[in-house]
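> Next comes the structure file start.cif, holding mmCIF, C-alpha atoms and all ligand atoms.
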```
data_start
loop_
_atom_site.label_atom_id
_atom_site.label_comp_id
_atom_site.auth_asym_id
_atom_site.auth_seq_id
_atom_site.Cartn_x
_atom_site.Cartn_y
_atom_site.Cartn_z
CA MET A 654 -7.60 -31.31 -1.46
CA LYS A 655 -7.29 -30.08 -5.05
CA ASN A 656 -3.63 -30.08 -6.11
CA ILE A 657 -2.50 -27.88 -8.98
CA LEU A 658 0.90 -27.95 -10.65
CA ALA A 659 1.72 -24.42 -11.88
CA ILE A 660 4.39 -23.29 -14.33
CA GLU A 661 5.83 -19.77 -14.71
CA THR A 662 8.13 -18.73 -17.59
CA THR A 663 6.92 -15.24 -18.57
CA CYS A 664 10.26 -13.45 -18.21
CA ASP A 665 13.54 -14.30 -16.48
CA GLU A 666 12.36 -16.57 -13.68
CA THR A 667 11.73 -20.24 -14.36
CA ALA A 668 9.35 -21.47 -11.67
CA ALA A 669 7.15 -24.44 -10.78
CA ALA A 670 4.91 -24.95 -7.77
CA VAL A 671 2.29 -27.26 -6.31
CA THR A 672 -0.58 -25.58 -4.47
CA ALA A 673 -3.59 -27.11 -2.75
CA ASP A 674 -7.13 -25.71 -2.55
CA GLY A 675 -6.04 -22.26 -3.71
CA TRP A 676 -4.01 -21.26 -0.67
CA LEU A 677 -1.58 -23.90 0.64
CA VAL A 678 1.80 -23.75 -1.07
CA LYS A 679 3.18 -27.30 -0.97
CA SER A 680 6.23 -26.35 -3.03
CA ASN A 681 7.45 -23.19 -4.72
CA ILE A 682 10.63 -23.67 -6.76
CA ILE A 683 12.14 -20.59 -8.44
CA SER A 684 15.24 -20.44 -10.54
CA SER A 685 16.29 -16.87 -11.27
CA GLN A 686 18.23 -16.16 -14.45
CA VAL A 687 19.55 -12.87 -13.12
CA GLN A 688 23.19 -14.02 -13.41
CA LEU A 689 22.69 -14.73 -17.13
CA HIS A 690 21.34 -11.27 -17.89
CA ARG A 691 23.30 -9.06 -15.47
CA ARG A 692 26.13 -8.26 -17.88
CA TYR A 693 23.58 -6.88 -20.39
CA GLY A 694 21.81 -4.68 -17.80
CA GLY A 695 18.42 -6.20 -18.69
CA VAL A 696 16.69 -9.38 -19.81
CA VAL A 697 17.80 -10.76 -23.21
CA PRO A 698 14.70 -12.57 -24.55
CA GLU A 699 16.56 -15.29 -26.52
CA ILE A 700 18.79 -16.17 -23.59
CA ALA A 701 15.76 -16.26 -21.29
CA SER A 702 13.76 -18.63 -23.54
CA ARG A 703 16.68 -21.03 -23.87
CA ALA A 704 17.28 -21.14 -20.13
CA HIS A 705 13.58 -21.94 -19.58
CA ILE A 706 13.89 -24.89 -21.96
CA GLU A 707 16.98 -26.17 -20.15
CA TRP A 708 15.66 -25.76 -16.61
CA LEU A 709 11.92 -26.34 -16.67
CA ASN A 710 11.75 -30.17 -16.60
CA ARG A 711 13.99 -30.33 -13.56
CA LEU A 712 12.06 -27.63 -11.77
CA VAL A 713 8.76 -29.45 -12.34
CA ASP A 714 10.30 -32.66 -10.93
CA ASP A 715 11.62 -30.73 -7.93
CA ALA A 716 8.25 -29.08 -7.33
CA LEU A 717 6.51 -32.48 -7.31
CA ASP A 718 9.19 -34.04 -5.06
CA LYS A 719 9.16 -31.19 -2.58
CA ALA A 720 5.35 -31.35 -2.42
CA ARG A 721 5.57 -35.15 -1.93
CA CYS A 722 3.24 -35.53 -4.91
CA THR A 723 3.15 -37.77 -7.90
CA THR A 724 1.46 -36.77 -11.13
CA ALA A 725 -1.48 -38.98 -10.10
CA ASP A 726 -2.19 -36.58 -7.21
CA LEU A 727 -2.64 -33.59 -9.53
CA ASP A 728 -6.08 -32.20 -10.36
CA ALA A 729 -5.00 -29.61 -12.96
CA ILE A 730 -2.02 -27.96 -14.66
CA ALA A 731 -1.82 -24.15 -14.62
CA VAL A 732 0.48 -21.96 -16.66
CA ALA A 733 1.05 -18.23 -17.15
CA HIS A 734 0.16 -17.81 -20.84
CA CYS A 735 0.12 -13.98 -20.93
CA PRO A 736 1.57 -11.34 -20.84
CA GLY A 737 5.34 -11.67 -21.19
CA LEU A 738 8.18 -12.34 -23.61
CA VAL A 739 6.58 -14.48 -26.27
CA GLY A 740 9.49 -16.92 -26.67
CA CYS A 741 9.50 -17.45 -22.91
CA LEU A 742 5.73 -17.90 -22.69
CA ILE A 743 5.78 -20.51 -25.45
CA VAL A 744 8.15 -22.71 -23.42
CA GLY A 745 5.88 -22.78 -20.36
CA VAL A 746 2.67 -23.13 -22.36
CA ALA A 747 4.07 -26.03 -24.44
CA ALA A 748 5.28 -27.80 -21.30
CA ALA A 749 1.96 -27.35 -19.50
CA LYS A 750 0.01 -28.61 -22.51
CA ALA A 751 2.25 -31.67 -22.76
CA VAL A 752 1.78 -32.54 -19.08
CA ALA A 753 -1.99 -31.91 -19.21
CA PHE A 754 -2.35 -34.01 -22.36
CA ALA A 755 -0.19 -36.86 -21.08
CA LEU A 756 -2.05 -37.04 -17.76
CA GLY A 757 -5.50 -36.28 -19.16
CA LYS A 758 -5.88 -33.45 -16.62
CA PRO A 759 -7.43 -29.99 -17.14
CA LEU A 760 -5.22 -27.15 -18.41
CA ILE A 761 -5.72 -23.63 -16.99
CA GLY A 762 -4.14 -20.54 -18.57
CA ILE A 763 -3.51 -17.69 -16.15
CA ASN A 764 -2.75 -14.01 -16.77
CA HIS A 765 0.59 -13.50 -14.97
CA VAL A 766 -0.37 -9.99 -13.79
CA HIS A 767 -3.64 -11.26 -12.29
CA GLY A 768 -1.51 -13.94 -10.61
CA HIS A 769 0.39 -11.21 -8.74
CA LEU A 770 -2.91 -10.12 -7.14
CA TYR A 771 -3.08 -13.54 -5.51
CA GLY A 772 0.28 -13.49 -3.67
CA GLY A 773 -1.28 -12.20 -0.43
CA VAL A 774 -3.74 -15.08 -0.23
CA LEU A 775 -1.06 -17.80 -0.12
CA ALA A 776 0.53 -19.50 2.87
CA ASP A 777 3.09 -22.25 3.24
CA ALA A 778 1.62 -23.58 6.50
CA PRO A 779 -1.95 -23.90 7.84
CA GLU A 780 -1.21 -21.64 10.83
CA SER A 781 -0.22 -18.73 8.56
CA ARG A 782 -3.25 -19.00 6.27
CA PRO A 783 -4.65 -15.50 5.52
CA GLN A 784 -8.39 -14.91 5.61
CA GLU A 785 -10.30 -15.01 2.32
CA PRO A 786 -10.71 -11.49 0.91
CA LYS A 787 -14.22 -10.16 0.36
CA PHE A 788 -15.37 -8.69 -2.95
CA PRO A 789 -15.51 -6.36 -4.75
CA ALA A 790 -11.80 -5.84 -4.24
CA LEU A 791 -9.36 -3.27 -5.55
CA GLY A 792 -6.10 -4.70 -6.92
CA LEU A 793 -2.69 -3.07 -7.37
CA VAL A 794 0.21 -4.75 -9.20
CA VAL A 795 3.61 -3.08 -9.03
CA SER A 796 6.30 -5.10 -10.79
CA GLY A 797 9.18 -4.76 -13.21
CA GLY A 798 6.84 -4.92 -16.19
CA HIS A 799 3.51 -3.65 -14.85
CA THR A 800 1.94 -0.91 -12.75
CA SER A 801 -1.80 -1.48 -12.83
CA LEU A 802 -5.00 -1.07 -10.85
CA PHE A 803 -7.78 -3.66 -11.11
CA HIS A 804 -11.41 -4.06 -10.11
CA LEU A 805 -12.13 -7.61 -8.95
CA GLU A 806 -15.73 -8.82 -8.73
CA SER A 807 -14.25 -12.19 -7.84
CA PHE A 808 -11.00 -14.04 -8.55
CA VAL A 809 -12.37 -15.03 -11.95
CA ASP A 810 -13.82 -11.64 -12.91
CA ILE A 811 -11.01 -9.08 -13.06
CA ARG A 812 -11.12 -5.77 -14.96
CA ARG A 813 -8.26 -3.31 -15.40
CA LEU A 814 -8.93 0.25 -14.20
CA GLY A 815 -5.62 1.86 -15.11
CA ALA A 816 -2.01 1.13 -16.00
CA THR A 817 1.28 2.80 -16.74
CA ILE A 818 1.41 4.62 -20.05
CA ASP A 819 5.20 4.19 -20.29
CA ASP A 820 7.63 2.66 -17.76
CA ALA A 821 6.55 0.39 -14.92
CA LEU A 822 7.35 1.31 -11.31
CA GLY A 823 9.89 -1.53 -10.95
CA GLU A 824 11.48 -0.47 -14.24
CA ALA A 825 11.81 3.09 -12.90
CA TYR A 826 13.48 1.70 -9.76
CA ASP A 827 15.83 -0.45 -11.87
CA LYS A 828 16.76 2.38 -14.26
CA THR A 829 17.34 4.85 -11.43
CA ALA A 830 19.38 2.25 -9.55
CA ALA A 831 21.53 1.79 -12.67
CA LEU A 832 22.11 5.57 -12.84
CA LEU A 833 23.21 5.46 -9.20
CA GLY A 834 25.63 2.62 -9.98
CA LEU A 835 23.70 0.06 -7.92
CA GLY A 836 23.74 -2.75 -10.51
CA TYR A 837 20.88 -4.78 -11.96
CA PRO A 838 18.11 -5.32 -10.97
CA GLY A 839 18.57 -2.55 -8.45
CA GLY A 840 15.13 -1.99 -6.88
CA ALA A 841 16.01 -3.56 -3.53
CA ALA A 842 19.46 -1.89 -3.45
CA LEU A 843 17.86 1.49 -4.14
CA GLU A 844 15.44 0.97 -1.27
CA LYS A 845 18.37 0.20 1.03
CA LEU A 846 20.31 3.30 -0.08
CA ALA A 847 17.20 5.50 0.31
CA ARG A 848 16.90 4.55 3.98
CA GLY A 849 19.73 6.91 4.92
CA GLY A 850 18.58 9.73 2.62
CA ASN A 851 16.41 12.83 2.90
CA PRO A 852 13.28 12.39 0.72
CA LEU A 853 12.84 16.18 0.52
CA ALA A 854 16.40 16.87 -0.69
CA VAL A 855 15.53 16.95 -4.41
CA ASP A 856 12.17 18.09 -5.77
CA PHE A 857 11.66 15.49 -8.53
CA PRO A 858 8.48 15.79 -10.63
CA VAL A 859 5.47 13.75 -9.54
CA SER A 860 3.43 12.62 -12.52
CA LEU A 861 -0.29 12.33 -11.74
CA LEU A 862 -1.68 12.68 -15.31
CA GLY A 863 -5.32 13.95 -15.46
CA SER A 864 -7.21 14.83 -12.31
CA ASP A 865 -9.39 11.70 -12.54
CA SER A 866 -6.85 9.40 -14.19
CA LEU A 867 -6.03 5.98 -12.74
CA ASP A 868 -3.06 5.59 -15.09
CA PHE A 869 0.59 6.05 -14.19
CA SER A 870 3.66 7.54 -15.88
CA TYR A 871 7.28 7.08 -14.80
CA SER A 872 9.42 8.02 -17.81
CA GLY A 873 9.57 11.73 -16.83
CA LEU A 874 10.81 10.92 -13.33
CA LYS A 875 13.52 8.65 -14.70
CA THR A 876 14.71 11.41 -17.06
CA ALA A 877 14.62 13.99 -14.24
CA VAL A 878 16.91 11.80 -12.14
CA ARG A 879 19.28 11.39 -15.11
CA TYR A 880 19.45 15.17 -15.67
CA HIS A 881 19.91 15.82 -11.96
CA LEU A 882 22.83 13.39 -11.75
CA PHE A 883 24.55 13.83 -15.10
CA GLY A 884 23.30 17.19 -16.42
CA SER A 885 21.57 17.63 -19.76
CA GLY A 886 22.81 18.55 -23.21
CA ARG A 887 26.42 19.75 -23.34
CA GLU A 888 27.11 20.01 -19.62
CA GLN A 889 27.55 16.24 -19.11
CA ARG A 890 29.17 15.24 -15.82
CA THR A 891 29.86 12.11 -13.81
CA ILE A 892 28.58 11.32 -10.32
CA ASP A 893 32.03 10.59 -8.89
CA HIS A 894 32.05 13.83 -6.89
CA LEU A 895 28.79 13.02 -5.08
CA SER A 896 29.05 11.87 -1.46
CA GLN A 897 27.28 8.74 -0.20
CA GLN A 898 24.85 11.07 1.59
CA GLN A 899 24.04 12.94 -1.62
CA LEU A 900 23.43 9.65 -3.45
CA ALA A 901 21.18 8.49 -0.61
CA ASP A 902 19.28 11.80 -0.84
CA VAL A 903 18.68 11.25 -4.57
CA ALA A 904 17.48 7.69 -3.90
CA ALA A 905 15.11 8.82 -1.13
CA SER A 906 13.80 11.75 -3.21
CA PHE A 907 13.23 9.44 -6.20
CA GLN A 908 11.35 7.01 -3.99
CA ARG A 909 9.13 9.77 -2.60
CA ALA A 910 8.24 11.00 -6.11
CA ALA A 911 7.73 7.44 -7.39
CA LEU A 912 5.39 6.37 -4.59
CA ARG A 913 3.27 9.53 -4.38
CA PRO A 914 1.16 8.60 -7.47
CA ILE A 915 0.54 5.15 -5.98
CA GLY A 916 -0.98 6.72 -2.84
CA VAL A 917 -2.98 9.26 -4.86
CA LYS A 918 -4.41 6.73 -7.35
CA LEU A 919 -5.27 4.23 -4.63
CA ARG A 920 -7.25 6.92 -2.82
CA ARG A 921 -8.98 7.93 -6.07
CA ALA A 922 -10.06 4.35 -6.75
CA LEU A 923 -11.10 3.72 -3.13
CA GLN A 924 -13.19 6.91 -3.25
CA ARG A 925 -15.08 5.75 -6.32
CA HIS A 926 -16.24 2.36 -5.14
CA ASP A 927 -17.11 0.62 -1.92
CA TYR A 928 -14.24 -1.86 -1.92
CA ARG A 929 -14.08 -4.55 0.73
CA ALA A 930 -10.47 -5.58 0.18
CA LEU A 931 -7.24 -4.26 -1.33
CA LEU A 932 -5.02 -6.89 -2.99
CA VAL A 933 -1.43 -5.90 -3.73
CA GLY A 934 1.35 -7.80 -5.49
CA GLY A 935 4.43 -7.74 -7.73
CA GLY A 936 8.14 -7.35 -7.05
CA VAL A 937 7.92 -3.76 -5.76
CA ALA A 938 5.43 -4.94 -3.11
CA ALA A 939 8.56 -6.17 -1.29
CA ASN A 940 9.49 -2.50 -0.76
CA HIS A 941 8.77 -1.25 2.77
CA ALA A 942 7.97 2.31 1.70
CA LEU A 943 5.50 0.96 -0.88
CA ARG A 944 3.92 -1.25 1.78
CA LYS A 945 3.49 1.80 4.03
CA THR A 946 2.02 3.90 1.19
CA VAL A 947 -0.53 1.16 0.55
CA SER A 948 -1.44 0.56 4.18
CA ASP A 949 -1.82 4.31 4.87
CA ALA A 950 -4.24 4.74 1.95
CA ALA A 951 -6.23 1.62 2.88
CA ALA A 952 -6.43 2.63 6.56
CA GLU A 953 -8.05 5.94 5.60
CA PHE A 954 -10.88 3.99 3.93
CA GLN A 955 -10.85 1.18 6.52
CA VAL A 956 -10.23 -1.39 3.81
CA PRO A 957 -8.22 -4.49 4.80
CA VAL A 958 -5.07 -5.21 2.77
CA TRP A 959 -3.72 -8.50 1.39
CA ILE A 960 -0.04 -8.08 0.56
CA PRO A 961 2.27 -11.04 -0.10
CA ALA A 962 4.87 -12.44 2.23
CA MET A 963 8.30 -11.69 0.70
CA PRO A 964 8.71 -14.97 -1.29
CA PHE A 965 5.38 -14.38 -3.04
CA CYS A 966 6.05 -10.75 -4.12
CA THR A 967 8.44 -11.39 -7.02
CA ASP A 968 7.71 -13.83 -9.84
CA ASN A 969 6.68 -17.30 -8.70
CA ALA A 970 4.41 -20.10 -9.84
CA ALA A 971 2.50 -20.57 -6.56
CA MET A 972 0.45 -17.43 -7.23
CA LEU A 973 -0.67 -18.96 -10.54
CA GLY A 974 -1.70 -22.25 -8.92
CA GLY A 975 -3.64 -20.34 -6.25
CA LEU A 976 -5.60 -18.32 -8.77
CA ALA A 977 -6.10 -21.34 -11.05
CA PHE A 978 -7.96 -23.14 -8.25
CA HIS A 979 -10.80 -20.60 -8.57
CA ARG A 980 -10.96 -21.08 -12.34
CA LEU A 981 -11.02 -24.86 -11.86
CA GLN A 982 -13.90 -24.54 -9.37
CA ALA A 983 -15.76 -22.31 -11.84
CA GLY A 984 -15.21 -24.77 -14.72
CA MET A 985 -13.04 -22.23 -16.55
CA THR A 986 -10.48 -24.62 -18.00
CA ASP A 987 -8.72 -24.22 -21.35
CA ALA A 988 -8.42 -26.33 -24.47
CA LEU A 989 -5.06 -27.67 -25.63
CA ASN A 990 -4.88 -24.91 -28.26
CA LEU A 991 -4.27 -22.30 -25.51
CA SER A 992 -2.11 -19.51 -26.97
CA ALA A 993 0.91 -17.71 -25.58
CA ILE A 994 0.03 -13.99 -25.76
CA ALA A 995 2.73 -11.32 -25.36
CA THR A 996 0.48 -8.35 -24.55
CA VAL A 997 -3.06 -8.13 -23.22
O1 LIG B 1001 7.21 -9.15 -10.12
P1 LIG B 1001 8.63 -9.19 -10.56
O2 LIG B 1001 9.49 -10.30 -10.02
O3 LIG B 1001 8.75 -9.27 -12.11
C1 LIG B 1001 7.85 -8.79 -13.03
O4 LIG B 1001 6.77 -9.40 -13.22
O5 LIG B 1001 8.17 -7.73 -13.61
O6 LIG B 1001 9.25 -7.76 -10.18
C2 LIG B 1001 10.60 -7.46 -10.34
C3 LIG B 1001 10.78 -6.00 -10.03
C4 LIG B 1001 12.17 -5.47 -10.41
O7 LIG B 1001 11.99 -4.26 -11.11
C5 LIG B 1001 12.83 -5.23 -9.05
O8 LIG B 1001 13.79 -4.21 -9.05
C6 LIG B 1001 11.63 -4.84 -8.21
O9 LIG B 1001 10.62 -5.74 -8.62
N1 LIG B 1001 11.88 -4.95 -6.77
C7 LIG B 1001 11.92 -3.89 -5.93
C8 LIG B 1001 12.24 -4.39 -4.64
N2 LIG B 1001 12.39 -5.75 -4.74
C9 LIG B 1001 12.16 -6.08 -6.06
N3 LIG B 1001 11.72 -2.58 -6.16
C10 LIG B 1001 11.81 -1.74 -5.11
N4 LIG B 1001 12.12 -2.14 -3.85
C11 LIG B 1001 12.34 -3.44 -3.57
N5 LIG B 1001 12.63 -3.84 -2.33
ZN ZN B 1002 5.71 -10.60 -12.43
#
```
Please render this file's structure as structure tokens.
Ligand code: KG4
Ligand code: ZN


Amino acid sequence: MKNILAIETTCDETAAAVTADGWLVKSNIISSQVQLHRRYGGVVPEIASRAHIEWLNRLVDDALDKARCTTADLDAIAVAHCPGLVGCLIVGVAAAKAVAFALGKPLIGINHVHGHLYGGVLADAPESRPQEPKFPALGLVVSGGHTSLFHLESFVDIRRLGATIDDALGEAYDKTAALLGLGYPGGAALEKLARGGNPLAVDFPVSLLGSDSLDFSYSGLKTAVRYHLFGSGREQRTIDHLSQQQLADVAASFQRAALRPIGVKLRRALQRHDYRALLVGGGVAANHALRKTVSDAAAEFQVPVWIPAMPFCTDNAAMLGGLAFHRLQAGMTDALNLSAIATV
């Protein structure tokens, strides 16, 4: 079996994992920094980079221990080198280079967003191993930083078809959750609140952009929710007078407006090409309404869906190790001058 040690430090999760042969997750250690950033209502890049420096060595040791591996058992070192907060990326990339250099093993840089497409292919036990997807495949990543569609000729040939032109879907969830007083990051709490609400209660705008666009836009929806709750201009108000039911109605109506473009754009892309698989990933893929939106669209085109088990939706290193296996097989390794790149 080919063992890969993978390192993830793109944002506010420090993570290390050992994967084998591109699907078996031998260990998947994640240390979330959410407690460090909560009081600021968002990720503070400097704090995030420092925490990565403090935590990463221990996480790598834990990942090896949990996988019952020594460094001699490793075949390659993978790291997310783009996109992300540059100070955070540098920590992971420097660590991966050091390990690769010290062990004389190949280094493989992975695009974090492409990594999210791989979450549905992973398993932590042989009996739960998913089938291999067929290509060409359509990919959808819905996370806190990205909302993108991809065309995959293979796992090493990935092209972006469309992306958000402003906020990401997860960001829209988090900002709306903050307006509703649900704390940070509030995506999962908003989903829970929406369960008791009426999705037709408020007619929030659905942004579809041009009639053939595969891009997304969420900033208008976020502003519409703000105006609905607090008023605009001079007539500012608080939400204290709103009942729990009214808040749930806003959450459900937001969710309906936020997910509609996902269903529409998936159908547009599936219409254009004869896709043989749909790969979905990112933190918002943990959302049940999103999962239903995706499976409804795919069912119409009879395209099978790969969507991650819950632990592989949000940021993790196992997805990087899984994808890196395909690059290793294809000889697509990187030199020790691999750069950390903030935007791609
Ligand atoms: O993939 P991820 O861990 O980080 C990025 O790469 O951005 O995604 C985190 C995002 C956050 O915005 C979080 O609120 C959202 O995923 N999220 C959810 C749910 N669980 C996590 N959004 C909606 N419903 C959920 N159940
Ligand atoms: Zn992510």

> I need the residue nearest ligand LIG 1001 (chain B) from this list: A:Val687, A:Leu931, A:Val766, A:Ala854. Use all atoms listed in the file for the distance.

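The closest residue to ligand LIG 1001 (chain B) is A:Val766.
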
> Do you know which residues are at most 7 Å from Thr817 in chain A counting only C-alpha atoms, after dropping those on the same chain fewer than 2 positions away, and could you put them as a ChimeraX atom specification?

/A:800-801,819-821,868-870

> To one decimal place in Å, what is the distance between CA of Arg944 in chain A and CA of His734 in chain A?

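Interatomic distance here is 28.3 Å.
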
> Fewer than 2 positions away in the same chain doesn't count, so skip those; otherwise give me all residues within 6 Å of range 661-675 of chain A, counting only C-alpha atoms, as a PDB file with C-alpha atoms, keeping the file's coordinate frame.


```pdb
ATOM      1  CA  MET A 654      -7.600 -31.310  -1.460  1.00  0.00           C
ATOM      2  CA  LYS A 655      -7.290 -30.080  -5.050  1.00  0.00           C
ATOM      3  CA  ASN A 656      -3.630 -30.080  -6.110  1.00  0.00           C
ATOM      4  CA  ILE A 657      -2.500 -27.880  -8.980  1.00  0.00           C
ATOM      5  CA  LEU A 658       0.900 -27.950 -10.650  1.00  0.00           C
ATOM      6  CA  ALA A 659       1.720 -24.420 -11.880  1.00  0.00           C
ATOM      7  CA  LEU A 677      -1.580 -23.900   0.640  1.00  0.00           C
ATOM      8  CA  VAL A 678       1.800 -23.750  -1.070  1.00  0.00           C
ATOM      9  CA  LYS A 679       3.180 -27.300  -0.970  1.00  0.00           C
ATOM     10  CA  SER A 680       6.230 -26.350  -3.030  1.00  0.00           C
ATOM     11  CA  ASN A 681       7.450 -23.190  -4.720  1.00  0.00           C
ATOM     12  CA  ILE A 682      10.630 -23.670  -6.760  1.00  0.00           C
ATOM     13  CA  ILE A 683      12.140 -20.590  -8.440  1.00  0.00           C
ATOM     14  CA  SER A 684      15.240 -20.440 -10.540  1.00  0.00           C
ATOM     15  CA  SER A 685      16.290 -16.870 -11.270  1.00  0.00           C
ATOM     16  CA  GLN A 686      18.230 -16.160 -14.450  1.00  0.00           C
ATOM     17  CA  ALA A 701      15.760 -16.260 -21.290  1.00  0.00           C
ATOM     18  CA  HIS A 705      13.580 -21.940 -19.580  1.00  0.00           C
ATOM     19  CA  LEU A 712      12.060 -27.630 -11.770  1.00  0.00           C
ATOM     20  CA  VAL A 713       8.760 -29.450 -12.340  1.00  0.00           C
ATOM     21  CA  ALA A 716       8.250 -29.080  -7.330  1.00  0.00           C
ATOM     22  CA  ALA A 733       1.050 -18.230 -17.150  1.00  0.00           C
ATOM     23  CA  GLY A 737       5.340 -11.670 -21.190  1.00  0.00           C
ATOM     24  CA  LEU A 738       8.180 -12.340 -23.610  1.00  0.00           C
ATOM     25  CA  CYS A 741       9.500 -17.450 -22.910  1.00  0.00           C
ATOM     26  CA  LEU A 742       5.730 -17.900 -22.690  1.00  0.00           C
ATOM     27  CA  GLY A 745       5.880 -22.780 -20.360  1.00  0.00           C
ATOM     28  CA  ASN A 969       6.680 -17.300  -8.700  1.00  0.00           C
ATOM     29  CA  ALA A 970       4.410 -20.100  -9.840  1.00  0.00           C
ATOM     30  CA  ALA A 971       2.500 -20.570  -6.560  1.00  0.00           C
ATOM     31  CA  GLY A 974      -1.700 -22.250  -8.920  1.00  0.00           C
ATOM     32  CA  GLY A 975      -3.640 -20.340  -6.250  1.00  0.00           C
ATOM     33  CA  PHE A 978      -7.960 -23.140  -8.250  1.00  0.00           C
TER      34      PHE A 978
END
```

> Can you pull out every residue within 7 Å of Cys735 in chain A, counting all atoms listed in the file, but drop anything in the same chain fewer than 3 positions away, and send it as a VMD selection string?

chain A and resid 764 to 765 993 to 996

> Please extract the residues at most 9 Å from ligand ZN 1002 (chain B), counting only C-alpha atoms and all ligand atoms, and provide them as a ChimeraX atom specification, using the chain letters and residue numbers of this document.

/A:663-664,737,765-766,768-769,794-799,934-936,966-969

> Nearest to Thr946 in chain A among A:Ser860, A:Gln889, A:Thr723, A:Gln908, with distances taken over only C-alpha atoms: which residue is it?

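Smallest distance to Thr946 in chain A is found for A:Gln908.
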
> Quick one: residues within 10 Å of range 846-852 of chain A, all atoms listed in the file counted, chain neighbours fewer than 5 positions away excluded, as a compact mmCIF listing (two decimals) with C-alpha atoms, keeping the file's coordinate frame?


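part_27.txt, freshly written:
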```
# COMPACT_ATOMS: atom_id res chain seq x y z
CA ALA A 830 19.38 2.25 -9.55
CA LEU A 833 23.21 5.46 -9.20
CA LEU A 835 23.70 0.06 -7.92
CA ALA A 841 16.01 -3.56 -3.53
CA PHE A 857 11.66 15.49 -8.53
CA GLN A 897 27.28 8.74 -0.20
CA GLN A 898 24.85 11.07 1.59
CA GLN A 899 24.04 12.94 -1.62
CA LEU A 900 23.43 9.65 -3.45
CA ALA A 901 21.18 8.49 -0.61
CA ASP A 902 19.28 11.80 -0.84
CA VAL A 903 18.68 11.25 -4.57
CA ALA A 904 17.48 7.69 -3.90
CA ALA A 905 15.11 8.82 -1.13
CA SER A 906 13.80 11.75 -3.21
CA PHE A 907 13.23 9.44 -6.20
CA GLN A 908 11.35 7.01 -3.99
CA ARG A 909 9.13 9.77 -2.60
CA ALA A 910 8.24 11.00 -6.11
CA ALA A 942 7.97 2.31 1.70
```

> Would you compute the box with edges along x, y and z of the file around range 752-764 of chain A, including every atom the file lists for it and 5 Å extra on each side, and give its centre and edge lengths in Å to one decimal, as lines of an AutoDock Vina configuration file?


```
center_x = -2.8
center_y = -25.5
center_z = -19.3
size_x = 19.2
size_y = 33.0
size_z = 16.2
```

> Quick one: of A:Thr891, A:Asn940, A:Gln688, A:Ser781, who's nearest to ligand LIG 1001 (chain B), counting only C-alpha atoms and all ligand atoms?

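Comparing A:Thr891, A:Asn940, A:Gln688, A:Ser781 against ligand LIG 1001 (chain B), the winner is A:Asn940.
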
> Residues near Leu923 in chain A, anyone? I mean within 9 Å using only C-alpha atoms, not counting same-chain ones fewer than 6 positions away, as a PDB file with C-alpha atoms, in the coordinates of the input.


```pdb
ATOM      1  CA  LEU A 791      -9.360  -3.270  -5.550  1.00  0.00           C
ATOM      2  CA  ALA A 950      -4.240   4.740   1.950  1.00  0.00           C
ATOM      3  CA  ALA A 951      -6.230   1.620   2.880  1.00  0.00           C
ATOM      4  CA  PHE A 954     -10.880   3.990   3.930  1.00  0.00           C
ATOM      5  CA  VAL A 956     -10.230  -1.390   3.810  1.00  0.00           C
TER       6      VAL A 956
END
```

> Which residue, A:Pro789, A:Pro779, A:Pro858, A:Pro964, has the smallest gap to ligand LIG 1001 (chain B) when you use only C-alpha atoms and all ligand atoms?

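Of the candidates, the smallest distance to ligand LIG 1001 (chain B) is held by A:Pro964.
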
> For a test of reading the model, state the distance in Å between CA of Arg913 in chain A and CA of Gly834 in chain A, rounded to one decimal.

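One can read the CA of Arg913 in chain A to CA of Gly834 in chain A distance as 24.1 Å.
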
> Find the residue from A:Ser807, A:Ser992, A:Thr829, A:Ser896 that sits nearest to Glu785 in chain A; use all atoms listed in the file when measuring.

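Of A:Ser807, A:Ser992, A:Thr829, A:Ser896, the one nearest Glu785 in chain A is A:Ser807, counting all atoms listed in the file.
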
> Using all atoms listed in the file, which residue out of A:Ala778, A:Leu882, A:Ala831, A:Leu895 lies closest to ligand LIG 1001 (chain B)?

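Under the stated criterion, the closest residue is A:Ala831.
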
> Kindly give the distance, in Å, that separates CA of Ser872 in chain A and atom O8 of ligand LIG 1001 (chain B), rounded to a single decimal.

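Going from CA of Ser872 in chain A over to atom O8 of ligand LIG 1001 (chain B) covers 15.7 Å.
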